[in-house]
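Here's the structure, in structure tokens; my notes come after.
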Amino acid sequence: MSEIVATQVPHKRSIPFGQEAAGALSIIVLGAIGYFLYPDDLAFLTRLIGIAFLVLSLDLVTGYCGVATLGHAAQFGVGAYAAGIACVRGITDPIALLAIGVFAGTIMGLISGALITRFRGLPQLVLSIAVGQLVAALANKLSWLTGGSDGLSGITPGKVFGIFNFDMYSRTAFLFSLGVLVIVFVLLQRFVRSPFGLMCRGMKDDDLRAKMIGVSIYPRLVVMYGVAGAVAGIGGALTAISTGVVGLDSVSFERSAEVLVMLVLGGAGHLWGALAGTIIFMIFEHIVAAANPFHWMTLVGLLLILIVVFAPRGLIEPVLSLASRFKRKGEAA
Amino acid sequence: MTNLLEARGVSCSFGGLHVTRDVNFKLTAGDRVALIGPNGAGKTTLVNLITGDIAPSEGQFFMGGDEITGLSIPDRVRRGLVRTFQTTRLFANLTVADNVALAIMQRKRITRRFFSSSTELPEVRAEWSEILSHLGLDRLAYRKVVELAYGQQRLIELAIGLALHPKVLLLDEPAAGVPHDEAPKILEAINRLPPDIAVLMIEHDMDLVFKFARRVLVLAAGRLIFEGSPDQVTADHEVRRAYLGSYADARRAT
Ligand SMILES: Nc1ncnc2c1ncn2[C@@H]1O[C@H](COP(=O)(O)OP(=O)(O)OP(=O)(O)O)[C@@H](O)[C@H]1O
Ligand SMILES: [Mg+2]
């Protein structure tokens with residue numbers, strides 16, 4: 001076409017799989033700290049990991065696609081109930097139960113996505129609440145299946161890989177959950193940088209621009225919801241397996257709202273933000289709520305106000321910008 | 001010669017305001033057409049109608065032999081109908097490279113991939129790298145779009161258009177806001193395009209219009225009032241009255 005040979009833009013300097021390795025390593029280090037320094041809190045830390053999946057899942061649709069939702073617990077809860085019910089009815093292999101959670105979460109995600117992403121703005125938000133409430137109502141009404149308001153109990157999963165029994169100190173549950181988190185987190189790191197993930201971020205920035213390069217927005221959002229459902233479903237299934245019970249709280253509006261707070265706290269649009277938000281919020285809650293439940297809500301309110309005023313894009317943002325400034329300085333030198 | 005794009009009797013009104021009135025035109029292979037007209041004449045609206053951003057109240061559009069009036073925006077893009085925006089619409093929080101790479105990947109149908117690292121795919125990288133260096137944007141490749149000056153953002157708008165390999169390219173004032181010494185890059189980029197595609201450019205800068213266009217369409221108050229060679233346009237009395245006069249005023253004002 002032209003005689004001018006275009007100069008090639010130099011490659012971005014990066015270590016292949018560097019980010020994935022850093023992600024996996026950080027989670028393992030954090031996990032090791034929890035395991036060795038807080039052996040009495042492993043049940044709590046396992047619950048934290050379960051919720052982390054839900055926050056990561058929410059990050060996919062809210063942080064990466066800009067979908068406003070206050071009903072995201074539905075995906076988590078459906079995964080938890082599916083795994084719990086399957087376990088009570090005789091499927092006890094933990095891996096199989098995880099797969100069931102993933103499947104149920106994906107289906108729920110696709111259904112939610114198909115409804116919710118048809119709309120935008122306020123109608124979208126209201127619809128997300130409606131879907132969440134519908135699932136919560138169903139979980140309550142179908143008490144022969146779900147245990148209703150008593151919760152679903154008697155979930156006794158078998159050994160992991162046929163070797164490791166779930167012990168009363170939650171050691172197995174914790175390590176199992178941590179292992180799954182490492183795998184899922186690494187996969188998500190690749191996913192959000194994939195052509196699909198990048199396009200989602202583009203659509204969030206400007207959907208008319210995305211359409212004008214030939215993208216059909218709606219089917220992509222539904223697919224993204226399916227992926228998010230799978231991730232939330234894992235969290236639900238893990239929680240069901242490790243706690244042995246599934247209650248209505250797992251599909252509640254409060255759960256949906258709480259994870260949104262965690263995401264905003266950590267920083268939406270970053271996987272690290274989702275993780276950081278979960279860890280900070282839950283540990284904070286664990287310590288403060290144990291001391292004084294009334295103060296807990298006051299403090300959450302205060303915390304949120306501070307975040308929105310001083311770090312509106314979440315706690316992870318200043319850390320990341322500091323890191324990139326560091327990196328740029330390194331490259332300039 | 002085949003019609004790449006045809007408008008038949010297209011009208012559009014917002015409320016009671018008739019912004020487009022019975023517009024008919026054809027773009028054929030190799031066309032280099034300028035669409036000029038005073039501010040508010042309905043030029044951008046016409047592009048919005050062509051691309052499917054808004055629906056006409058009357059009339060049809062065709063590409064090749066097929067009617068496209070009812071097609072969605074992405075469906076038209078997939079047929080090679082590409083536009084740039086007068087006020088830039090970019091993926092503001094992504095890098096310049098990612099903006100162009102997304103267009104390339106969408107064209108190549110690889111944006112459904114879930115697990116490859118996107119921008120650095122070699123076949124994609126070679127393309128955006130070339131487009132960006134032609135437009136003098138190569139040093140900005142890894143900068144976020146929001147961090148750039150408006151003039152640079154205008155060129156990214158063009159870069160995305162080029163990356164889509166259009167059959168019909170509609171440029172809405174590509175040079176507006178671009179620093180004067182960068183403006184020739186726009187013409188250079190258009191000249192590098194395959195000769196058999198059709199390009200329609202909305203432009204107020206008459207120097208650029210004369211360098212670019214072999215045919216000029218003049219739009220005033222929603223109506224196409226003139227069609228002819230650039231020389232005929234300047235000679236035409238009505239066009240002078242409807243447009244070039246106000247253009248001269250605008251020139252004096254800035
Ligand atoms: N969505 C809309 N709703 C109502 N009125 C509109 C809309 N879009 C455009 N208009 C009006 O239609 C008329 C034509 O606007 P348009 O942007 O198409 O003009 P233009 O020829 O592109 O002008 P310019 O040279 O300033 O870009 C203007 O009077 C404008 O206010
Ligand atoms: Mg305009």
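Identifiers in this document derive from the order of the structure tokens: chains are assigned A, B, ..., residues are numbered from 1 separately in each chain, and ligands are numbered from 1 in order of occurrence.
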
When DSSP works through the backbone of this structure, what residues of stretch 85-218 of chain B end up as strand (DSSP E or B), shown as a list in words?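 Those residues are Thr95, Lys144, Val168, Leu169, Leu170, Leu171, Asp172, Ala198, Val199, Leu200, Met201, Ile202, Arg215, Val216, Leu217 and Val218 of chain B.
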
Same residues, N, CA, C and O atoms, output as a PDB file, in the first residue's frame:
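So out_33.pdb came out as:
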```pdb
ATOM      1  N   THR B  95      -5.791   2.456  26.860  1.00  0.00           N
ATOM      2  CA  THR B  95      -4.661   3.081  26.184  1.00  0.00           C
ATOM      3  C   THR B  95      -4.990   3.323  24.711  1.00  0.00           C
ATOM      4  O   THR B  95      -5.946   2.767  24.171  1.00  0.00           O
ATOM      5  N   LYS B 144      -3.013   6.394  28.418  1.00  0.00           N
ATOM      6  CA  LYS B 144      -4.474   6.380  28.462  1.00  0.00           C
ATOM      7  C   LYS B 144      -5.019   7.540  27.652  1.00  0.00           C
ATOM      8  O   LYS B 144      -4.466   8.642  27.691  1.00  0.00           O
ATOM      9  N   VAL B 168     -17.078   1.962   3.190  1.00  0.00           N
ATOM     10  CA  VAL B 168     -17.568   3.338   3.139  1.00  0.00           C
ATOM     11  C   VAL B 168     -17.121   4.013   4.431  1.00  0.00           C
ATOM     12  O   VAL B 168     -17.444   3.549   5.521  1.00  0.00           O
ATOM     13  N   LEU B 169     -16.360   5.084   4.297  1.00  0.00           N
ATOM     14  CA  LEU B 169     -15.846   5.762   5.482  1.00  0.00           C
ATOM     15  C   LEU B 169     -16.445   7.161   5.560  1.00  0.00           C
ATOM     16  O   LEU B 169     -16.346   7.941   4.620  1.00  0.00           O
ATOM     17  N   LEU B 170     -17.105   7.433   6.677  1.00  0.00           N
ATOM     18  CA  LEU B 170     -17.727   8.743   6.876  1.00  0.00           C
ATOM     19  C   LEU B 170     -16.939   9.492   7.941  1.00  0.00           C
ATOM     20  O   LEU B 170     -16.879   9.060   9.085  1.00  0.00           O
ATOM     21  N   LEU B 171     -16.311  10.593   7.546  1.00  0.00           N
ATOM     22  CA  LEU B 171     -15.470  11.342   8.484  1.00  0.00           C
ATOM     23  C   LEU B 171     -16.167  12.647   8.858  1.00  0.00           C
ATOM     24  O   LEU B 171     -16.410  13.492   7.993  1.00  0.00           O
ATOM     25  N   ASP B 172     -16.482  12.786  10.139  1.00  0.00           N
ATOM     26  CA  ASP B 172     -17.186  13.990  10.572  1.00  0.00           C
ATOM     27  C   ASP B 172     -16.179  14.999  11.127  1.00  0.00           C
ATOM     28  O   ASP B 172     -15.775  14.911  12.279  1.00  0.00           O
ATOM     29  N   ALA B 198     -15.170   4.124  -0.673  1.00  0.00           N
ATOM     30  CA  ALA B 198     -15.771   5.453  -0.776  1.00  0.00           C
ATOM     31  C   ALA B 198     -15.543   6.207   0.527  1.00  0.00           C
ATOM     32  O   ALA B 198     -15.712   5.651   1.598  1.00  0.00           O
ATOM     33  N   VAL B 199     -15.125   7.468   0.385  1.00  0.00           N
ATOM     34  CA  VAL B 199     -14.912   8.286   1.579  1.00  0.00           C
ATOM     35  C   VAL B 199     -15.765   9.540   1.474  1.00  0.00           C
ATOM     36  O   VAL B 199     -15.757  10.227   0.443  1.00  0.00           O
ATOM     37  N   LEU B 200     -16.527   9.803   2.529  1.00  0.00           N
ATOM     38  CA  LEU B 200     -17.286  11.040   2.602  1.00  0.00           C
ATOM     39  C   LEU B 200     -16.787  11.821   3.797  1.00  0.00           C
ATOM     40  O   LEU B 200     -16.723  11.298   4.898  1.00  0.00           O
ATOM     41  N   MET B 201     -16.384  13.058   3.546  1.00  0.00           N
ATOM     42  CA  MET B 201     -15.815  13.854   4.629  1.00  0.00           C
ATOM     43  C   MET B 201     -16.628  15.131   4.840  1.00  0.00           C
ATOM     44  O   MET B 201     -16.867  15.893   3.904  1.00  0.00           O
ATOM     45  N   ILE B 202     -17.041  15.315   6.075  1.00  0.00           N
ATOM     46  CA  ILE B 202     -17.638  16.591   6.446  1.00  0.00           C
ATOM     47  C   ILE B 202     -16.490  17.485   6.875  1.00  0.00           C
ATOM     48  O   ILE B 202     -15.661  17.079   7.691  1.00  0.00           O
ATOM     49  N   ARG B 215     -15.684  15.469  -5.547  1.00  0.00           N
ATOM     50  CA  ARG B 215     -17.103  15.812  -5.660  1.00  0.00           C
ATOM     51  C   ARG B 215     -17.508  16.448  -4.346  1.00  0.00           C
ATOM     52  O   ARG B 215     -17.008  16.061  -3.299  1.00  0.00           O
ATOM     53  N   VAL B 216     -18.395  17.433  -4.447  1.00  0.00           N
ATOM     54  CA  VAL B 216     -18.826  18.114  -3.226  1.00  0.00           C
ATOM     55  C   VAL B 216     -20.345  18.102  -3.151  1.00  0.00           C
ATOM     56  O   VAL B 216     -21.027  18.351  -4.146  1.00  0.00           O
ATOM     57  N   LEU B 217     -20.859  17.756  -1.956  1.00  0.00           N
ATOM     58  CA  LEU B 217     -22.297  17.870  -1.700  1.00  0.00           C
ATOM     59  C   LEU B 217     -22.497  19.020  -0.732  1.00  0.00           C
ATOM     60  O   LEU B 217     -21.761  19.147   0.242  1.00  0.00           O
ATOM     61  N   VAL B 218     -23.477  19.865  -1.040  1.00  0.00           N
ATOM     62  CA  VAL B 218     -23.725  20.990  -0.135  1.00  0.00           C
ATOM     63  C   VAL B 218     -25.087  20.808   0.518  1.00  0.00           C
ATOM     64  O   VAL B 218     -26.094  20.608  -0.153  1.00  0.00           O
TER      65      VAL B 218
END
```

Could you produce a table of the residues of chain B lying within 7 Å of chain A, with the nearest pair of atoms per residue and their separation in Å rounded to one decimal, using only C-alpha atoms, ordered by chain and increasing residue number, as a tab-separated table?
```
residue	atom	partner	partner_atom	distance
B:Ile73	CA	A:Lys211	CA	6.1
B:Pro74	CA	A:Gly214	CA	3.9
B:Asp75	CA	A:Gly214	CA	6.7
B:Val77	CA	A:Gly214	CA	5.0
B:Arg78	CA	A:Gly214	CA	5.8
B:Arg89	CA	A:Arg209	CA	5.9
B:Leu90	CA	A:Arg209	CA	6.3
B:Phe91	CA	A:Gly202	CA	5.3
B:Ala92	CA	A:Asp205	CA	6.3
B:Asn93	CA	A:Asp205	CA	6.8
B:Leu102	CA	A:Met199	CA	6.6
B:Ala103	CA	A:Ile213	CA	5.7
B:Gln106	CA	A:Gly214	CA	6.8
B:Ile110	CA	A:Pro195	CA	6.9
B:Thr111	CA	A:Pro195	CA	4.6
B:Arg112	CA	A:Phe196	CA	5.2
B:Arg113	CA	A:Phe196	CA	5.7
B:Phe114	CA	A:Ser194	CA	5.3
B:Phe115	CA	A:Ser194	CA	5.2
B:Ser116	CA	A:Ser194	CA	5.2
B:Ser117	CA	A:Ser194	CA	4.9
B:Ser118	CA	A:Pro195	CA	4.8
B:Ser129	CA	A:Val9	CA	5.5
B:Glu130	CA	A:Ala6	CA	5.3
B:Ser133	CA	A:Ala6	CA	6.0
B:His134	CA	A:Ala6	CA	6.6
B:Asp138	CA	A:Val9	CA	5.9
B:Arg192	CA	A:Ser2	CA	6.5
```

Could you take the residues named above and write them with N, CA and C atoms, as a PDB file, in the first residue's frame?
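The new file again-v3.pdb reads:
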```
ATOM      1  N   ILE B  73     -26.741  -0.812  14.338  1.00  0.00           N
ATOM      2  CA  ILE B  73     -25.440  -0.174  14.114  1.00  0.00           C
ATOM      3  C   ILE B  73     -24.343  -1.216  13.859  1.00  0.00           C
ATOM      4  N   PRO B  74     -24.159  -2.195  14.752  1.00  0.00           N
ATOM      5  CA  PRO B  74     -23.070  -3.151  14.527  1.00  0.00           C
ATOM      6  C   PRO B  74     -23.207  -3.920  13.220  1.00  0.00           C
ATOM      7  N   ASP B  75     -24.445  -4.230  12.828  1.00  0.00           N
ATOM      8  CA  ASP B  75     -24.630  -4.950  11.565  1.00  0.00           C
ATOM      9  C   ASP B  75     -24.144  -4.112  10.385  1.00  0.00           C
ATOM     10  N   VAL B  77     -21.813  -1.788  10.561  1.00  0.00           N
ATOM     11  CA  VAL B  77     -20.350  -1.728  10.643  1.00  0.00           C
ATOM     12  C   VAL B  77     -19.752  -2.982  10.037  1.00  0.00           C
ATOM     13  N   ARG B  78     -20.377  -4.126  10.316  1.00  0.00           N
ATOM     14  CA  ARG B  78     -19.851  -5.382   9.780  1.00  0.00           C
ATOM     15  C   ARG B  78     -19.921  -5.412   8.257  1.00  0.00           C
ATOM     16  N   ARG B  89     -15.486  10.198  20.507  1.00  0.00           N
ATOM     17  CA  ARG B  89     -16.040   9.161  21.370  1.00  0.00           C
ATOM     18  C   ARG B  89     -15.054   8.022  21.351  1.00  0.00           C
ATOM     19  N   LEU B  90     -14.298   7.943  22.442  1.00  0.00           N
ATOM     20  CA  LEU B  90     -13.243   6.936  22.504  1.00  0.00           C
ATOM     21  C   LEU B  90     -13.386   6.143  23.787  1.00  0.00           C
ATOM     22  N   PHE B  91     -12.618   5.076  23.878  1.00  0.00           N
ATOM     23  CA  PHE B  91     -12.573   4.332  25.134  1.00  0.00           C
ATOM     24  C   PHE B  91     -11.573   5.058  26.032  1.00  0.00           C
ATOM     25  N   ALA B  92     -12.105   6.007  26.800  1.00  0.00           N
ATOM     26  CA  ALA B  92     -11.263   7.003  27.451  1.00  0.00           C
ATOM     27  C   ALA B  92     -10.291   6.410  28.463  1.00  0.00           C
ATOM     28  N   ASN B  93     -10.681   5.342  29.126  1.00  0.00           N
ATOM     29  CA  ASN B  93      -9.821   4.792  30.176  1.00  0.00           C
ATOM     30  C   ASN B  93      -8.896   3.686  29.681  1.00  0.00           C
ATOM     31  N   LEU B 102      -8.771  -2.841  19.753  1.00  0.00           N
ATOM     32  CA  LEU B 102     -10.139  -3.362  19.861  1.00  0.00           C
ATOM     33  C   LEU B 102     -10.840  -3.322  18.513  1.00  0.00           C
ATOM     34  N   ALA B 103     -10.630  -2.238  17.774  1.00  0.00           N
ATOM     35  CA  ALA B 103     -11.241  -2.139  16.452  1.00  0.00           C
ATOM     36  C   ALA B 103     -10.695  -3.231  15.535  1.00  0.00           C
ATOM     37  N   GLN B 106     -12.020  -6.622  16.652  1.00  0.00           N
ATOM     38  CA  GLN B 106     -13.432  -6.785  16.330  1.00  0.00           C
ATOM     39  C   GLN B 106     -13.586  -7.103  14.842  1.00  0.00           C
ATOM     40  N   ILE B 110     -11.938 -11.619  16.704  1.00  0.00           N
ATOM     41  CA  ILE B 110     -11.270 -12.354  17.775  1.00  0.00           C
ATOM     42  C   ILE B 110     -11.567 -11.766  19.140  1.00  0.00           C
ATOM     43  N   THR B 111     -12.569 -10.905  19.213  1.00  0.00           N
ATOM     44  CA  THR B 111     -12.884 -10.357  20.536  1.00  0.00           C
ATOM     45  C   THR B 111     -13.761 -11.301  21.340  1.00  0.00           C
ATOM     46  N   ARG B 112     -13.984 -12.508  20.828  1.00  0.00           N
ATOM     47  CA  ARG B 112     -14.700 -13.473  21.663  1.00  0.00           C
ATOM     48  C   ARG B 112     -13.722 -14.370  22.397  1.00  0.00           C
ATOM     49  N   ARG B 113     -12.452 -14.154  22.175  1.00  0.00           N
ATOM     50  CA  ARG B 113     -11.471 -14.976  22.875  1.00  0.00           C
ATOM     51  C   ARG B 113     -11.407 -14.608  24.345  1.00  0.00           C
ATOM     52  N   PHE B 114     -11.329 -15.623  25.168  1.00  0.00           N
ATOM     53  CA  PHE B 114     -11.385 -15.418  26.611  1.00  0.00           C
ATOM     54  C   PHE B 114     -10.015 -15.390  27.263  1.00  0.00           C
ATOM     55  N   PHE B 115      -9.014 -16.014  26.671  1.00  0.00           N
ATOM     56  CA  PHE B 115      -7.814 -16.226  27.468  1.00  0.00           C
ATOM     57  C   PHE B 115      -6.489 -15.813  26.829  1.00  0.00           C
ATOM     58  N   SER B 116      -6.513 -15.251  25.638  1.00  0.00           N
ATOM     59  CA  SER B 116      -5.229 -14.784  25.126  1.00  0.00           C
ATOM     60  C   SER B 116      -5.047 -13.349  25.589  1.00  0.00           C
ATOM     61  N   SER B 117      -3.811 -12.957  25.794  1.00  0.00           N
ATOM     62  CA  SER B 117      -3.562 -11.579  26.190  1.00  0.00           C
ATOM     63  C   SER B 117      -3.731 -10.712  24.956  1.00  0.00           C
ATOM     64  N   SER B 118      -4.582  -9.695  25.073  1.00  0.00           N
ATOM     65  CA  SER B 118      -5.155  -9.102  23.871  1.00  0.00           C
ATOM     66  C   SER B 118      -4.232  -8.269  23.000  1.00  0.00           C
ATOM     67  N   SER B 129       0.340  -0.829  15.440  1.00  0.00           N
ATOM     68  CA  SER B 129       1.631  -0.169  15.451  1.00  0.00           C
ATOM     69  C   SER B 129       1.839   0.644  14.177  1.00  0.00           C
ATOM     70  N   GLU B 130       1.430   0.067  13.059  1.00  0.00           N
ATOM     71  CA  GLU B 130       1.589   0.779  11.785  1.00  0.00           C
ATOM     72  C   GLU B 130       0.655   1.985  11.708  1.00  0.00           C
ATOM     73  N   SER B 133       1.870   4.788  13.995  1.00  0.00           N
ATOM     74  CA  SER B 133       3.071   5.523  13.606  1.00  0.00           C
ATOM     75  C   SER B 133       2.806   6.394  12.377  1.00  0.00           C
ATOM     76  N   HIS B 134       1.896   5.949  11.486  1.00  0.00           N
ATOM     77  CA  HIS B 134       1.523   6.817  10.366  1.00  0.00           C
ATOM     78  C   HIS B 134       0.902   8.122  10.851  1.00  0.00           C
ATOM     79  N   ASP B 138       2.639   7.005  17.665  1.00  0.00           N
ATOM     80  CA  ASP B 138       3.310   5.804  18.174  1.00  0.00           C
ATOM     81  C   ASP B 138       3.898   5.987  19.568  1.00  0.00           C
ATOM     82  N   ARG B 192      -3.661   6.855   1.686  1.00  0.00           N
ATOM     83  CA  ARG B 192      -3.126   5.491   1.798  1.00  0.00           C
ATOM     84  C   ARG B 192      -4.218   4.435   1.756  1.00  0.00           C
TER      85      ARG B 192
END
```

A:Val88 surroundings by only C-alpha atoms, 8 Å radius, close-in-sequence under 4 positions cut, as a short mmCIF file (atom, residue, chain, number, x, y, z; two decimals) with N, CA, C and O atoms, in the first residue's frame:
```cif
data_model
loop_
_atom_site.label_atom_id
_atom_site.label_comp_id
_atom_site.auth_asym_id
_atom_site.auth_seq_id
_atom_site.Cartn_x
_atom_site.Cartn_y
_atom_site.Cartn_z
N GLY A 84 -25.45 -27.45 48.17
CA GLY A 84 -25.96 -27.96 49.43
C GLY A 84 -27.01 -29.05 49.21
O GLY A 84 -26.94 -30.12 49.82
N THR A 92 -21.47 -36.27 47.32
CA THR A 92 -20.67 -35.70 48.41
C THR A 92 -19.25 -35.32 47.98
O THR A 92 -18.53 -34.69 48.76
N GLY A 154 -27.14 -30.16 57.42
CA GLY A 154 -26.79 -31.56 57.20
C GLY A 154 -25.96 -31.76 55.95
O GLY A 154 -25.97 -32.83 55.34
N ILE A 155 -25.24 -30.72 55.56
CA ILE A 155 -24.36 -30.85 54.40
C ILE A 155 -23.03 -31.42 54.87
O ILE A 155 -22.26 -30.74 55.54
N THR A 156 -22.78 -32.68 54.57
CA THR A 156 -21.52 -33.30 55.00
C THR A 156 -20.77 -33.83 53.79
O THR A 156 -21.00 -34.95 53.35
#
```

Could you list, as a list in words, all the residues within 8 Å of ligand 2, counting only C-alpha atoms and all ligand atoms?
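Protein and nucleic-acid residues within 8 Å of ligand 2: Asn39, Gly40, Gly42, Lys43, Thr44, Thr45, Gln86, Asp172, Glu173 and Ile202 of chain B.
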
Go ahead and dump the residues you just picked, N, CA and C atoms, as a PDB file, in the first residue's frame.
```pdb
ATOM      1  N   ASN B  39     -23.162  25.615   9.897  1.00  0.00           N
ATOM      2  CA  ASN B  39     -23.432  24.989  11.192  1.00  0.00           C
ATOM      3  C   ASN B  39     -24.917  24.739  11.355  1.00  0.00           C
ATOM      4  N   GLY B  40     -25.244  23.551  11.828  1.00  0.00           N
ATOM      5  CA  GLY B  40     -26.642  23.227  12.052  1.00  0.00           C
ATOM      6  C   GLY B  40     -27.397  22.824  10.800  1.00  0.00           C
ATOM      7  N   GLY B  42     -27.355  20.029   9.407  1.00  0.00           N
ATOM      8  CA  GLY B  42     -27.826  18.644   9.496  1.00  0.00           C
ATOM      9  C   GLY B  42     -26.814  17.632   8.985  1.00  0.00           C
ATOM     10  N   LYS B  43     -25.571  18.021   8.899  1.00  0.00           N
ATOM     11  CA  LYS B  43     -24.539  17.118   8.368  1.00  0.00           C
ATOM     12  C   LYS B  43     -24.311  15.930   9.293  1.00  0.00           C
ATOM     13  N   THR B  44     -24.092  16.250  10.559  1.00  0.00           N
ATOM     14  CA  THR B  44     -23.874  15.163  11.522  1.00  0.00           C
ATOM     15  C   THR B  44     -25.111  14.280  11.634  1.00  0.00           C
ATOM     16  N   THR B  45     -26.276  14.916  11.593  1.00  0.00           N
ATOM     17  CA  THR B  45     -27.516  14.145  11.645  1.00  0.00           C
ATOM     18  C   THR B  45     -27.590  13.163  10.482  1.00  0.00           C
ATOM     19  N   GLN B  86     -17.669  13.630  15.321  1.00  0.00           N
ATOM     20  CA  GLN B  86     -17.250  15.029  15.355  1.00  0.00           C
ATOM     21  C   GLN B  86     -16.715  15.399  16.741  1.00  0.00           C
ATOM     22  N   ASP B 172     -16.482  12.786  10.139  1.00  0.00           N
ATOM     23  CA  ASP B 172     -17.186  13.990  10.572  1.00  0.00           C
ATOM     24  C   ASP B 172     -16.179  14.999  11.127  1.00  0.00           C
ATOM     25  N   GLU B 173     -15.809  15.928  10.296  1.00  0.00           N
ATOM     26  CA  GLU B 173     -14.834  16.974  10.647  1.00  0.00           C
ATOM     27  C   GLU B 173     -13.582  16.406  11.310  1.00  0.00           C
ATOM     28  N   ILE B 202     -17.041  15.315   6.075  1.00  0.00           N
ATOM     29  CA  ILE B 202     -17.638  16.591   6.446  1.00  0.00           C
ATOM     30  C   ILE B 202     -16.490  17.485   6.875  1.00  0.00           C
TER      31      ILE B 202
END
```

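With atom CA of A:Met108 on one side and atom CA of A:Leu60 on the other, the separation reads 15.1 Å.
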
Exercise. Residues within 10 Å of ligand 1 (only C-alpha atoms and all ligand atoms), as a PyMOL selection string?
Worked result: chain B and resi 12-20+35-49+53-54+86-87+172-173+202-204+219-222

Open item on the list: I'd like the contact shell of A:Leu315 - 12 Å cut-off, only C-alpha atoms, skipping same-chain residues fewer than 2 positions apart - returned as a PyMOL selection string.
Closed with: chain A and resi 262-270+272-281+303-304+306-313+317-322

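The space between atom CA of A:Tyr225 and atom CA of A:Val61 spans 6.4 Å.
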